[in-house]
$ cat run-v9.cif   # mmCIF, N, CA and C atoms
data_protein
#
loop_
_atom_site.label_atom_id
_atom_site.label_comp_id
_atom_site.auth_asym_id
_atom_site.auth_seq_id
_atom_site.Cartn_x
_atom_site.Cartn_y
_atom_site.Cartn_z
N MET A 1 0.83 -1.19 0.00
CA MET A 1 0.00 0.00 0.00
C MET A 1 0.88 1.27 0.00
N GLN A 2 1.87 1.31 0.89
CA GLN A 2 2.75 2.47 0.96
C GLN A 2 3.61 2.56 -0.30
N GLN A 3 4.00 1.41 -0.83
CA GLN A 3 4.81 1.42 -2.04
C GLN A 3 4.02 1.98 -3.22
N GLU A 4 2.74 1.64 -3.30
CA GLU A 4 1.91 2.17 -4.39
C GLU A 4 1.73 3.68 -4.25
N LEU A 5 1.51 4.14 -3.02
CA LEU A 5 1.39 5.58 -2.78
C LEU A 5 2.68 6.27 -3.17
N TYR A 6 3.79 5.68 -2.81
CA TYR A 6 5.10 6.23 -3.15
C TYR A 6 5.26 6.35 -4.67
N LEU A 7 4.91 5.29 -5.39
CA LEU A 7 5.01 5.32 -6.85
C LEU A 7 4.06 6.35 -7.44
N ASP A 8 2.87 6.47 -6.89
CA ASP A 8 1.92 7.48 -7.38
C ASP A 8 2.47 8.90 -7.19
N LEU A 9 3.09 9.13 -6.04
CA LEU A 9 3.68 10.45 -5.79
C LEU A 9 4.81 10.75 -6.77
N LEU A 10 5.61 9.75 -7.07
CA LEU A 10 6.67 9.94 -8.07
C LEU A 10 6.08 10.24 -9.44
N ARG A 11 4.98 9.55 -9.78
CA ARG A 11 4.32 9.79 -11.08
C ARG A 11 3.78 11.22 -11.18
N LEU A 12 3.48 11.81 -10.02
CA LEU A 12 2.99 13.19 -9.99
C LEU A 12 4.12 14.22 -10.01
N GLY A 13 5.37 13.73 -10.11
CA GLY A 13 6.51 14.63 -10.20
C GLY A 13 7.05 15.08 -8.85
N LYS A 14 6.67 14.39 -7.79
CA LYS A 14 7.15 14.76 -6.46
C LYS A 14 8.59 14.28 -6.27
N THR A 15 9.37 15.06 -5.53
CA THR A 15 10.74 14.69 -5.22
C THR A 15 10.76 13.89 -3.92
N GLU A 16 11.91 13.30 -3.61
CA GLU A 16 12.03 12.56 -2.36
C GLU A 16 11.77 13.48 -1.17
N ARG A 17 12.21 14.72 -1.27
CA ARG A 17 11.98 15.68 -0.18
C ARG A 17 10.48 15.94 -0.02
N ASP A 18 9.77 16.09 -1.16
CA ASP A 18 8.31 16.28 -1.09
C ASP A 18 7.66 15.07 -0.42
N ILE A 19 8.12 13.89 -0.80
CA ILE A 19 7.52 12.65 -0.29
C ILE A 19 7.80 12.49 1.21
N ASP A 20 8.96 12.97 1.66
CA ASP A 20 9.29 12.90 3.09
C ASP A 20 8.24 13.60 3.95
N SER A 21 7.61 14.65 3.40
CA SER A 21 6.65 15.42 4.19
C SER A 21 5.24 14.84 4.16
N VAL A 22 5.03 13.76 3.41
CA VAL A 22 3.70 13.13 3.35
C VAL A 22 3.47 12.31 4.61
N LYS A 23 2.36 12.58 5.27
CA LYS A 23 2.04 11.91 6.53
C LYS A 23 1.89 10.40 6.29
N GLY A 24 2.54 9.63 7.14
CA GLY A 24 2.43 8.18 7.06
C GLY A 24 3.42 7.54 6.09
N MET A 25 4.17 8.34 5.37
CA MET A 25 5.13 7.78 4.42
C MET A 25 6.40 7.41 5.18
N PRO A 26 6.94 6.22 4.93
CA PRO A 26 8.19 5.83 5.62
C PRO A 26 9.34 6.76 5.26
N SER A 27 10.34 6.75 6.09
CA SER A 27 11.51 7.60 5.87
C SER A 27 12.28 7.13 4.64
N TRP A 28 13.17 8.00 4.15
CA TRP A 28 13.98 7.66 2.98
C TRP A 28 14.78 6.39 3.19
N PRO A 29 15.43 6.15 4.34
CA PRO A 29 16.17 4.89 4.48
C PRO A 29 15.29 3.65 4.30
N THR A 30 14.06 3.71 4.77
CA THR A 30 13.14 2.59 4.58
C THR A 30 12.78 2.44 3.11
N ARG A 31 12.48 3.56 2.45
CA ARG A 31 12.14 3.49 1.02
C ARG A 31 13.34 3.00 0.22
N TYR A 32 14.53 3.36 0.65
CA TYR A 32 15.73 2.91 -0.04
C TYR A 32 15.84 1.39 0.00
N LEU A 33 15.45 0.80 1.13
CA LEU A 33 15.49 -0.67 1.24
C LEU A 33 14.55 -1.34 0.25
N TRP A 34 13.47 -0.65 -0.13
CA TRP A 34 12.53 -1.20 -1.11
C TRP A 34 13.23 -1.43 -2.45
N LEU A 35 14.28 -0.69 -2.74
CA LEU A 35 14.96 -0.78 -4.03
C LEU A 35 15.68 -2.10 -4.23
N ALA A 36 15.85 -2.88 -3.17
CA ALA A 36 16.48 -4.19 -3.30
C ALA A 36 15.63 -5.11 -4.17
N ASP A 37 14.32 -4.86 -4.20
CA ASP A 37 13.41 -5.63 -5.04
C ASP A 37 13.52 -5.11 -6.48
N LYS A 38 14.04 -5.94 -7.38
CA LYS A 38 14.28 -5.50 -8.77
C LYS A 38 13.01 -5.03 -9.47
N LYS A 39 11.91 -5.74 -9.24
CA LYS A 39 10.64 -5.36 -9.87
C LYS A 39 10.19 -3.98 -9.39
N PHE A 40 10.28 -3.77 -8.07
CA PHE A 40 9.90 -2.47 -7.53
C PHE A 40 10.83 -1.38 -8.06
N SER A 41 12.10 -1.67 -8.11
CA SER A 41 13.09 -0.70 -8.59
C SER A 41 12.77 -0.27 -10.02
N THR A 42 12.38 -1.23 -10.85
CA THR A 42 12.00 -0.93 -12.23
C THR A 42 10.75 -0.05 -12.27
N HIS A 43 9.76 -0.39 -11.44
CA HIS A 43 8.53 0.41 -11.37
C HIS A 43 8.84 1.83 -10.89
N ARG A 44 9.78 1.95 -9.96
CA ARG A 44 10.16 3.26 -9.44
C ARG A 44 10.78 4.12 -10.54
N LEU A 45 11.67 3.53 -11.33
CA LEU A 45 12.29 4.29 -12.43
C LEU A 45 11.25 4.74 -13.45
N GLU A 46 10.30 3.87 -13.75
CA GLU A 46 9.24 4.22 -14.70
C GLU A 46 8.37 5.35 -14.14
N ALA A 47 8.01 5.24 -12.86
CA ALA A 47 7.17 6.27 -12.22
C ALA A 47 7.92 7.60 -12.18
N GLN A 48 9.19 7.54 -11.87
CA GLN A 48 9.99 8.76 -11.81
C GLN A 48 10.07 9.42 -13.18
N ALA A 49 10.25 8.63 -14.23
CA ALA A 49 10.31 9.18 -15.59
C ALA A 49 8.98 9.83 -15.96
N GLN A 50 7.86 9.20 -15.59
CA GLN A 50 6.55 9.79 -15.85
C GLN A 50 6.38 11.09 -15.09
N GLY A 51 6.86 11.11 -13.85
CA GLY A 51 6.77 12.31 -13.03
C GLY A 51 7.57 13.46 -13.60
N VAL A 52 8.73 13.15 -14.15
CA VAL A 52 9.55 14.19 -14.77
C VAL A 52 8.81 14.80 -15.95
N GLU A 53 8.23 13.95 -16.78
CA GLU A 53 7.49 14.45 -17.94
C GLU A 53 6.31 15.32 -17.51
N LEU A 54 5.58 14.87 -16.49
CA LEU A 54 4.44 15.65 -15.99
C LEU A 54 4.91 16.98 -15.42
N ALA A 55 5.99 16.95 -14.64
CA ALA A 55 6.51 18.18 -14.04
C ALA A 55 6.96 19.15 -15.12
N LEU A 56 7.58 18.64 -16.17
CA LEU A 56 8.04 19.51 -17.25
C LEU A 56 6.87 20.12 -18.02
N VAL A 57 5.82 19.34 -18.26
CA VAL A 57 4.64 19.86 -18.94
C VAL A 57 3.98 20.95 -18.09
N SER A 58 3.85 20.67 -16.80
CA SER A 58 3.25 21.66 -15.90
C SER A 58 4.09 22.93 -15.86
N HIS A 59 5.39 22.75 -15.80
CA HIS A 59 6.28 23.91 -15.77
C HIS A 59 6.22 24.68 -17.08
N GLU A 60 6.11 23.96 -18.18
CA GLU A 60 6.00 24.62 -19.48
C GLU A 60 4.74 25.48 -19.55
N GLU A 61 3.64 24.97 -19.01
CA GLU A 61 2.40 25.75 -19.01
C GLU A 61 2.56 27.03 -18.19
N ARG A 62 3.22 26.93 -17.03
CA ARG A 62 3.45 28.13 -16.22
C ARG A 62 4.36 29.11 -16.96
N CYS A 63 5.38 28.59 -17.62
CA CYS A 63 6.29 29.47 -18.38
C CYS A 63 5.55 30.17 -19.52
N LEU A 64 4.68 29.45 -20.20
CA LEU A 64 3.92 30.05 -21.29
C LEU A 64 3.01 31.16 -20.77
N HIS A 65 2.43 30.95 -19.60
CA HIS A 65 1.59 31.98 -19.00
C HIS A 65 2.41 33.24 -18.70
N VAL A 66 3.59 33.05 -18.10
CA VAL A 66 4.46 34.19 -17.81
C VAL A 66 4.96 34.81 -19.11
N TYR A 67 5.23 33.98 -20.10
CA TYR A 67 5.69 34.48 -21.41
C TYR A 67 4.64 35.38 -22.04
N ASP A 68 3.38 34.95 -21.97
CA ASP A 68 2.30 35.79 -22.51
C ASP A 68 2.25 37.14 -21.81
N LYS A 69 2.42 37.13 -20.50
CA LYS A 69 2.45 38.40 -19.76
C LYS A 69 3.65 39.25 -20.17
N ALA A 70 4.78 38.59 -20.37
CA ALA A 70 5.99 39.32 -20.76
C ALA A 70 5.83 39.93 -22.15
N LEU A 71 5.10 39.25 -23.05
CA LEU A 71 4.86 39.81 -24.39
C LEU A 71 4.00 41.06 -24.31
N ASP A 72 3.03 41.02 -23.40
CA ASP A 72 2.16 42.18 -23.22
C ASP A 72 2.94 43.38 -22.70
N ASP A 73 3.97 43.10 -21.92
CA ASP A 73 4.76 44.18 -21.32
C ASP A 73 6.23 43.81 -21.42
N ALA A 74 6.75 43.86 -22.67
CA ALA A 74 8.13 43.43 -22.93
C ALA A 74 9.15 44.27 -22.17
N ALA A 75 8.77 45.45 -21.76
CA ALA A 75 9.69 46.31 -21.03
C ALA A 75 9.78 45.90 -19.56
N ASN A 76 8.95 44.95 -19.15
CA ASN A 76 8.93 44.53 -17.76
C ASN A 76 10.07 43.53 -17.52
N LYS A 77 11.23 44.03 -17.22
CA LYS A 77 12.42 43.20 -17.03
C LYS A 77 12.24 42.15 -15.94
N PRO A 78 11.60 42.46 -14.80
CA PRO A 78 11.43 41.41 -13.79
C PRO A 78 10.66 40.19 -14.31
N LEU A 79 9.66 40.41 -15.17
CA LEU A 79 8.93 39.27 -15.74
C LEU A 79 9.83 38.45 -16.65
N VAL A 80 10.62 39.10 -17.47
CA VAL A 80 11.53 38.39 -18.37
C VAL A 80 12.55 37.61 -17.55
N ASP A 81 13.07 38.22 -16.50
CA ASP A 81 14.03 37.53 -15.62
C ASP A 81 13.38 36.34 -14.94
N LEU A 82 12.12 36.51 -14.53
CA LEU A 82 11.40 35.41 -13.89
C LEU A 82 11.26 34.24 -14.86
N LEU A 83 10.95 34.54 -16.10
CA LEU A 83 10.81 33.49 -17.11
C LEU A 83 12.12 32.73 -17.29
N LYS A 84 13.23 33.44 -17.33
CA LYS A 84 14.53 32.79 -17.44
C LYS A 84 14.80 31.90 -16.24
N GLU A 85 14.49 32.41 -15.06
CA GLU A 85 14.71 31.65 -13.83
C GLU A 85 13.84 30.40 -13.79
N MET A 86 12.62 30.52 -14.27
CA MET A 86 11.72 29.36 -14.30
C MET A 86 12.27 28.28 -15.23
N GLY A 87 12.85 28.69 -16.34
CA GLY A 87 13.46 27.73 -17.26
C GLY A 87 14.65 27.03 -16.63
N GLN A 88 15.47 27.79 -15.92
CA GLN A 88 16.62 27.21 -15.23
C GLN A 88 16.15 26.20 -14.17
N HIS A 89 15.09 26.58 -13.45
CA HIS A 89 14.58 25.69 -12.41
C HIS A 89 14.03 24.40 -13.02
N ALA A 90 13.36 24.50 -14.14
CA ALA A 90 12.81 23.30 -14.80
C ALA A 90 13.94 22.36 -15.20
N ARG A 91 15.01 22.92 -15.75
CA ARG A 91 16.15 22.07 -16.14
C ARG A 91 16.78 21.42 -14.91
N TRP A 92 16.92 22.19 -13.83
CA TRP A 92 17.51 21.65 -12.60
C TRP A 92 16.65 20.53 -12.04
N LYS A 93 15.34 20.76 -11.95
CA LYS A 93 14.45 19.75 -11.37
C LYS A 93 14.45 18.48 -12.21
N ALA A 94 14.42 18.64 -13.52
CA ALA A 94 14.45 17.46 -14.39
C ALA A 94 15.74 16.67 -14.19
N SER A 95 16.86 17.38 -14.04
CA SER A 95 18.13 16.68 -13.86
C SER A 95 18.18 15.92 -12.54
N LYS A 96 17.47 16.40 -11.53
CA LYS A 96 17.44 15.72 -10.24
C LYS A 96 16.47 14.54 -10.26
N LEU A 97 15.37 14.68 -10.96
CA LEU A 97 14.36 13.63 -10.98
C LEU A 97 14.73 12.47 -11.90
N ASN A 98 15.43 12.77 -12.98
CA ASN A 98 15.80 11.70 -13.91
C ASN A 98 17.17 12.02 -14.49
N ARG A 99 18.21 11.70 -13.72
CA ARG A 99 19.57 12.03 -14.11
C ARG A 99 19.99 11.36 -15.43
N ALA A 100 19.52 10.14 -15.65
CA ALA A 100 19.94 9.42 -16.84
C ALA A 100 19.54 10.15 -18.12
N VAL A 101 18.38 10.79 -18.12
CA VAL A 101 17.88 11.46 -19.32
C VAL A 101 18.23 12.95 -19.31
N TYR A 102 18.02 13.62 -18.19
CA TYR A 102 18.14 15.08 -18.14
C TYR A 102 19.38 15.59 -17.39
N GLY A 103 20.15 14.68 -16.81
CA GLY A 103 21.33 15.11 -16.05
C GLY A 103 22.45 15.55 -16.97
N GLU A 104 23.41 16.24 -16.40
CA GLU A 104 24.56 16.69 -17.17
C GLU A 104 25.45 15.49 -17.48
N LYS A 105 25.93 15.44 -18.69
CA LYS A 105 26.84 14.38 -19.10
C LYS A 105 28.26 14.88 -18.85
N VAL A 106 29.02 14.12 -18.09
CA VAL A 106 30.38 14.52 -17.76
C VAL A 106 31.33 13.44 -18.24
N SER A 107 32.36 13.86 -18.94
CA SER A 107 33.38 12.90 -19.35
C SER A 107 34.75 13.54 -19.12
N THR A 108 35.72 12.69 -18.90
CA THR A 108 37.08 13.16 -18.65
C THR A 108 38.02 12.47 -19.61
N GLU A 109 38.88 13.25 -20.21
CA GLU A 109 39.86 12.69 -21.13
C GLU A 109 41.24 13.12 -20.66
N LEU A 110 42.11 12.16 -20.50
CA LEU A 110 43.47 12.44 -20.07
C LEU A 110 44.41 12.37 -21.26
N THR A 111 45.26 13.35 -21.38
CA THR A 111 46.26 13.33 -22.45
C THR A 111 47.61 13.70 -21.86
N GLY A 112 48.63 13.31 -22.59
CA GLY A 112 49.98 13.62 -22.16
C GLY A 112 50.41 14.99 -22.67
N LYS A 113 51.72 15.18 -22.69
CA LYS A 113 52.30 16.45 -23.12
C LYS A 113 51.91 16.73 -24.56
N ASP A 114 51.52 17.96 -24.84
CA ASP A 114 51.13 18.42 -26.18
C ASP A 114 49.97 17.61 -26.78
N GLY A 115 49.11 17.07 -25.93
CA GLY A 115 47.93 16.36 -26.41
C GLY A 115 48.19 14.94 -26.88
N LYS A 116 49.40 14.46 -26.71
CA LYS A 116 49.74 13.10 -27.13
C LYS A 116 49.32 12.11 -26.04
N ALA A 117 49.48 10.85 -26.38
CA ALA A 117 49.13 9.80 -25.42
C ALA A 117 50.04 9.89 -24.19
N ILE A 118 49.51 9.45 -23.08
CA ILE A 118 50.29 9.45 -21.84
C ILE A 118 51.31 8.33 -21.92
N GLU A 119 52.55 8.66 -21.62
CA GLU A 119 53.60 7.66 -21.62
C GLU A 119 53.72 7.08 -20.21
N THR A 120 53.81 5.77 -20.16
CA THR A 120 53.98 5.11 -18.86
C THR A 120 55.27 4.31 -18.89
N LYS A 121 55.94 4.27 -17.77
CA LYS A 121 57.18 3.51 -17.63
C LYS A 121 57.13 2.75 -16.33
N ALA A 122 57.62 1.54 -16.39
CA ALA A 122 57.72 0.75 -15.16
C ALA A 122 59.20 0.64 -14.81
N THR A 123 59.53 1.02 -13.62
CA THR A 123 60.91 0.96 -13.16
C THR A 123 60.96 0.08 -11.92
N VAL A 124 61.85 -0.89 -11.96
CA VAL A 124 62.01 -1.77 -10.81
C VAL A 124 63.40 -1.53 -10.24
N GLN A 125 63.46 -1.21 -8.99
CA GLN A 125 64.75 -1.03 -8.32
C GLN A 125 64.88 -2.10 -7.26
N ILE A 126 66.01 -2.77 -7.29
CA ILE A 126 66.26 -3.81 -6.30
C ILE A 126 67.27 -3.26 -5.31
N TYR A 127 66.93 -3.34 -4.08
CA TYR A 127 67.80 -2.86 -3.02
C TYR A 127 68.43 -4.06 -2.34
N MET A 128 69.70 -4.10 -2.34
CA MET A 128 70.41 -5.19 -1.68
C MET A 128 71.18 -4.58 -0.50
N PRO A 129 70.78 -4.92 0.70
CA PRO A 129 71.49 -4.39 1.84
C PRO A 129 72.96 -4.87 1.87
N SER A 130 73.78 -4.13 2.53
CA SER A 130 75.21 -4.45 2.55
C SER A 130 75.52 -5.76 3.26
N ASN A 131 74.62 -6.19 4.12
CA ASN A 131 74.88 -7.44 4.83
C ASN A 131 74.35 -8.66 4.05
N GLY A 132 73.75 -8.42 2.87
CA GLY A 132 73.34 -9.53 2.00
C GLY A 132 72.05 -10.20 2.39
N ARG A 133 71.33 -9.69 3.32
CA ARG A 133 70.08 -10.33 3.72
C ARG A 133 68.90 -9.83 2.96
#
$ encode --input "run-v9.cif" --output "structure tokens"
Amino acid sequence: MQQELYLDLLRLGKTERDIDSVKGMPSWPTRYLWLADKKFSTHRLEAQAQGVELALVSHEERCLHVYDKALDDAANKPLVDLLKEMGQHARWKASKLNRAVYGEKVSTELTGKDGKAIETKATVQIYMPSNGR
């Protein structure tokens, strides 16, 4: 029962922090233990993806409403700034709710001197004490 409520809340675009404040909902450590069940874990990922889409659609509607107001009064800089901030927030929230799809992609490439391949050398030093042991 609690697991279904949890999945429903995720489908509605709620974050873990939002879910923490729901009366009767187990704490995050307890919900984390639910992830050991592969079937539940799969359902959670699907619910979270649906929630991200719903949250983005809802956010887009709010942005369009503010955009319409900004068009009516293009000189209203605070409205234009608000619209930009709302877009930034939507991107941030999507990246937190579904990192695999909306998160930042980070890669690291290592190169040697002047962009060439890194040279590696193995050096073995044998130490022989003076007493021969």
$ atom_distance --input "run-v9.cif" --atom1 "atom N of Val57 in chain A" --atom2 "atom N of Gln3 in chain A"
25.1 Å
$ select_by_dssp --input "run-v9.cif" --residues "range 1-70 of chain A" --states "alpha helix (DSSP H)" --output "MDAnalysis selection string"
chainID A and resid 2:11 16:20 28:34 38:70
$ atom_distance --input "run-v9.cif" --atom1 "CA of Arg44 in chain A" --atom2 "CA of Lys105 in chain A"
22.3 Å
$ atom_distance --input "run-v9.cif" --atom1 "atom C of Thr42 in chain A" --atom2 "CA of Met86 in chain A"
29.5 Å
$ residues_around --input "run-v9.cif" --residues "Lys23 in chain A" --least-positions-apart "4" --cutoff "12 Å" --atoms "only C-alpha atoms" --output "list in words"
Gln2, Leu5, Tyr6, Asp18, Ile19 and Ser27 of chain A
$ residues_around --input "run-v9.cif" --residues "Leu79 in chain A" --least-positions-apart "4" --cutoff "8 Å" --atoms "only C-alpha atoms" --output "compact mmCIF listing (two decimals) with N, CA and C atoms, in the frame of the given file"
# COMPACT_ATOMS: atom_id res chain seq x y z
N VAL A 66 3.59 33.05 -18.10
CA VAL A 66 4.46 34.19 -17.81
C VAL A 66 4.96 34.81 -19.11
N LYS A 69 2.42 37.13 -20.50
CA LYS A 69 2.45 38.40 -19.76
C LYS A 69 3.65 39.25 -20.17
N ALA A 70 4.78 38.59 -20.37
CA ALA A 70 5.99 39.32 -20.76
C ALA A 70 5.83 39.93 -22.15
N LEU A 83 10.95 34.54 -16.10
CA LEU A 83 10.81 33.49 -17.11
C LEU A 83 12.12 32.73 -17.29
$ closest_residue --input "run-v9.cif" --among "A:Lys14, A:Arg31, A:Lys121, A:Lys113" --to "Leu54 in chain A" --atoms "only C-alpha atoms"
A:Lys14
$ resolve_selection --input "run-v9.cif" --expression "the PyMOL selection byres ((chain A and resi 10) around 8)" --output "list in words"
Glu4, Leu5, Tyr6, Leu7, Asp8, Leu9, Arg11, Leu12, Gly13, Lys14, Thr15, Glu16, Ile19, Arg44, Glu46, Ala47, Gln48, Ala49, Gln50, Gly51 and Val52 of chain A
$ decode --input "run-v9.cif" --residues "range 37-129 of chain A" --atoms "C-alpha atoms" --output "PDB file, in the first residue's frame"
ATOM      1  CA  ASP A  37      13.408  -5.634  -5.043  1.00  0.00           C
ATOM      2  CA  LYS A  38      14.282  -5.501  -8.767  1.00  0.00           C
ATOM      3  CA  LYS A  39      10.641  -5.360  -9.874  1.00  0.00           C
ATOM      4  CA  PHE A  40       9.904  -2.466  -7.527  1.00  0.00           C
ATOM      5  CA  SER A  41      13.085  -0.699  -8.589  1.00  0.00           C
ATOM      6  CA  THR A  42      11.997  -0.926 -12.234  1.00  0.00           C
ATOM      7  CA  HIS A  43       8.531   0.411 -11.372  1.00  0.00           C
ATOM      8  CA  ARG A  44      10.157   3.262  -9.440  1.00  0.00           C
ATOM      9  CA  LEU A  45      12.292   4.286 -12.426  1.00  0.00           C
ATOM     10  CA  GLU A  46       9.240   4.224 -14.696  1.00  0.00           C
ATOM     11  CA  ALA A  47       7.175   6.271 -12.223  1.00  0.00           C
ATOM     12  CA  GLN A  48       9.986   8.762 -11.807  1.00  0.00           C
ATOM     13  CA  ALA A  49      10.307   9.177 -15.591  1.00  0.00           C
ATOM     14  CA  GLN A  50       6.546   9.789 -15.851  1.00  0.00           C
ATOM     15  CA  GLY A  51       6.771  12.306 -13.032  1.00  0.00           C
ATOM     16  CA  VAL A  52       9.551  14.192 -14.772  1.00  0.00           C
ATOM     17  CA  GLU A  53       7.486  14.448 -17.942  1.00  0.00           C
ATOM     18  CA  LEU A  54       4.444  15.646 -15.992  1.00  0.00           C
ATOM     19  CA  ALA A  55       6.507  18.180 -14.040  1.00  0.00           C
ATOM     20  CA  LEU A  56       8.037  19.513 -17.251  1.00  0.00           C
ATOM     21  CA  VAL A  57       4.635  19.862 -18.944  1.00  0.00           C
ATOM     22  CA  SER A  58       3.252  21.656 -15.896  1.00  0.00           C
ATOM     23  CA  HIS A  59       6.281  23.908 -15.766  1.00  0.00           C
ATOM     24  CA  GLU A  60       6.002  24.624 -19.484  1.00  0.00           C
ATOM     25  CA  GLU A  61       2.403  25.745 -19.005  1.00  0.00           C
ATOM     26  CA  ARG A  62       3.450  28.128 -16.219  1.00  0.00           C
ATOM     27  CA  CYS A  63       6.292  29.467 -18.380  1.00  0.00           C
ATOM     28  CA  LEU A  64       3.919  30.055 -21.292  1.00  0.00           C
ATOM     29  CA  HIS A  65       1.587  31.976 -19.002  1.00  0.00           C
ATOM     30  CA  VAL A  66       4.464  34.188 -17.809  1.00  0.00           C
ATOM     31  CA  TYR A  67       5.693  34.478 -21.406  1.00  0.00           C
ATOM     32  CA  ASP A  68       2.303  35.785 -22.512  1.00  0.00           C
ATOM     33  CA  LYS A  69       2.446  38.398 -19.759  1.00  0.00           C
ATOM     34  CA  ALA A  70       5.992  39.320 -20.762  1.00  0.00           C
ATOM     35  CA  LEU A  71       4.862  39.812 -24.388  1.00  0.00           C
ATOM     36  CA  ASP A  72       2.163  42.177 -23.223  1.00  0.00           C
ATOM     37  CA  ASP A  73       4.755  44.176 -21.322  1.00  0.00           C
ATOM     38  CA  ALA A  74       8.133  43.433 -22.925  1.00  0.00           C
ATOM     39  CA  ALA A  75       9.694  46.309 -21.027  1.00  0.00           C
ATOM     40  CA  ASN A  76       8.929  44.528 -17.760  1.00  0.00           C
ATOM     41  CA  LYS A  77      12.422  43.204 -17.028  1.00  0.00           C
ATOM     42  CA  PRO A  78      11.427  41.414 -13.785  1.00  0.00           C
ATOM     43  CA  LEU A  79       8.932  39.271 -15.737  1.00  0.00           C
ATOM     44  CA  VAL A  80      11.526  38.393 -18.373  1.00  0.00           C
ATOM     45  CA  ASP A  81      14.026  37.533 -15.624  1.00  0.00           C
ATOM     46  CA  LEU A  82      11.396  35.411 -13.891  1.00  0.00           C
ATOM     47  CA  LEU A  83      10.810  33.491 -17.111  1.00  0.00           C
ATOM     48  CA  LYS A  84      14.533  32.791 -17.444  1.00  0.00           C
ATOM     49  CA  GLU A  85      14.710  31.647 -13.835  1.00  0.00           C
ATOM     50  CA  MET A  86      11.721  29.356 -14.303  1.00  0.00           C
ATOM     51  CA  GLY A  87      13.462  27.734 -17.262  1.00  0.00           C
ATOM     52  CA  GLN A  88      16.621  27.206 -15.225  1.00  0.00           C
ATOM     53  CA  HIS A  89      14.577  25.690 -12.410  1.00  0.00           C
ATOM     54  CA  ALA A  90      12.813  23.304 -14.800  1.00  0.00           C
ATOM     55  CA  ARG A  91      16.148  22.073 -16.136  1.00  0.00           C
ATOM     56  CA  TRP A  92      17.509  21.654 -12.604  1.00  0.00           C
ATOM     57  CA  LYS A  93      14.452  19.755 -11.371  1.00  0.00           C
ATOM     58  CA  ALA A  94      14.453  17.457 -14.395  1.00  0.00           C
ATOM     59  CA  SER A  95      18.135  16.680 -13.863  1.00  0.00           C
ATOM     60  CA  LYS A  96      17.445  15.715 -10.244  1.00  0.00           C
ATOM     61  CA  LEU A  97      14.357  13.630 -10.979  1.00  0.00           C
ATOM     62  CA  ASN A  98      15.801  11.704 -13.912  1.00  0.00           C
ATOM     63  CA  ARG A  99      19.574  12.027 -14.115  1.00  0.00           C
ATOM     64  CA  ALA A 100      19.941   9.417 -16.842  1.00  0.00           C
ATOM     65  CA  VAL A 101      17.880  11.465 -19.317  1.00  0.00           C
ATOM     66  CA  TYR A 102      18.142  15.078 -18.140  1.00  0.00           C
ATOM     67  CA  GLY A 103      21.328  15.113 -16.052  1.00  0.00           C
ATOM     68  CA  GLU A 104      24.560  16.686 -17.171  1.00  0.00           C
ATOM     69  CA  LYS A 105      26.842  14.382 -19.096  1.00  0.00           C
ATOM     70  CA  VAL A 106      30.379  14.524 -17.764  1.00  0.00           C
ATOM     71  CA  SER A 107      33.382  12.902 -19.346  1.00  0.00           C
ATOM     72  CA  THR A 108      37.079  13.164 -18.646  1.00  0.00           C
ATOM     73  CA  GLU A 109      39.858  12.686 -21.131  1.00  0.00           C
ATOM     74  CA  LEU A 110      43.466  12.444 -20.068  1.00  0.00           C
ATOM     75  CA  THR A 111      46.258  13.329 -22.449  1.00  0.00           C
ATOM     76  CA  GLY A 112      49.982  13.622 -22.155  1.00  0.00           C
ATOM     77  CA  LYS A 113      52.299  16.447 -23.120  1.00  0.00           C
ATOM     78  CA  ASP A 114      51.131  18.420 -26.184  1.00  0.00           C
ATOM     79  CA  GLY A 115      47.927  16.360 -26.410  1.00  0.00           C
ATOM     80  CA  LYS A 116      49.741  13.099 -27.129  1.00  0.00           C
ATOM     81  CA  ALA A 117      49.135   9.798 -25.419  1.00  0.00           C
ATOM     82  CA  ILE A 118      50.285   9.452 -21.841  1.00  0.00           C
ATOM     83  CA  GLU A 119      53.602   7.660 -21.617  1.00  0.00           C
ATOM     84  CA  THR A 120      53.983   5.113 -18.863  1.00  0.00           C
ATOM     85  CA  LYS A 121      57.181   3.509 -17.635  1.00  0.00           C
ATOM     86  CA  ALA A 122      57.720   0.753 -15.164  1.00  0.00           C
ATOM     87  CA  THR A 123      60.914   0.958 -13.160  1.00  0.00           C
ATOM     88  CA  VAL A 124      62.013  -1.774 -10.811  1.00  0.00           C
ATOM     89  CA  GLN A 125      64.748  -1.028  -8.317  1.00  0.00           C
ATOM     90  CA  ILE A 126      66.261  -3.808  -6.296  1.00  0.00           C
ATOM     91  CA  TYR A 127      67.798  -2.858  -3.018  1.00  0.00           C
ATOM     92  CA  MET A 128      70.410  -5.188  -1.676  1.00  0.00           C
ATOM     93  CA  PRO A 129      71.491  -4.387   1.838  1.00  0.00           C
TER      94      PRO A 129
END
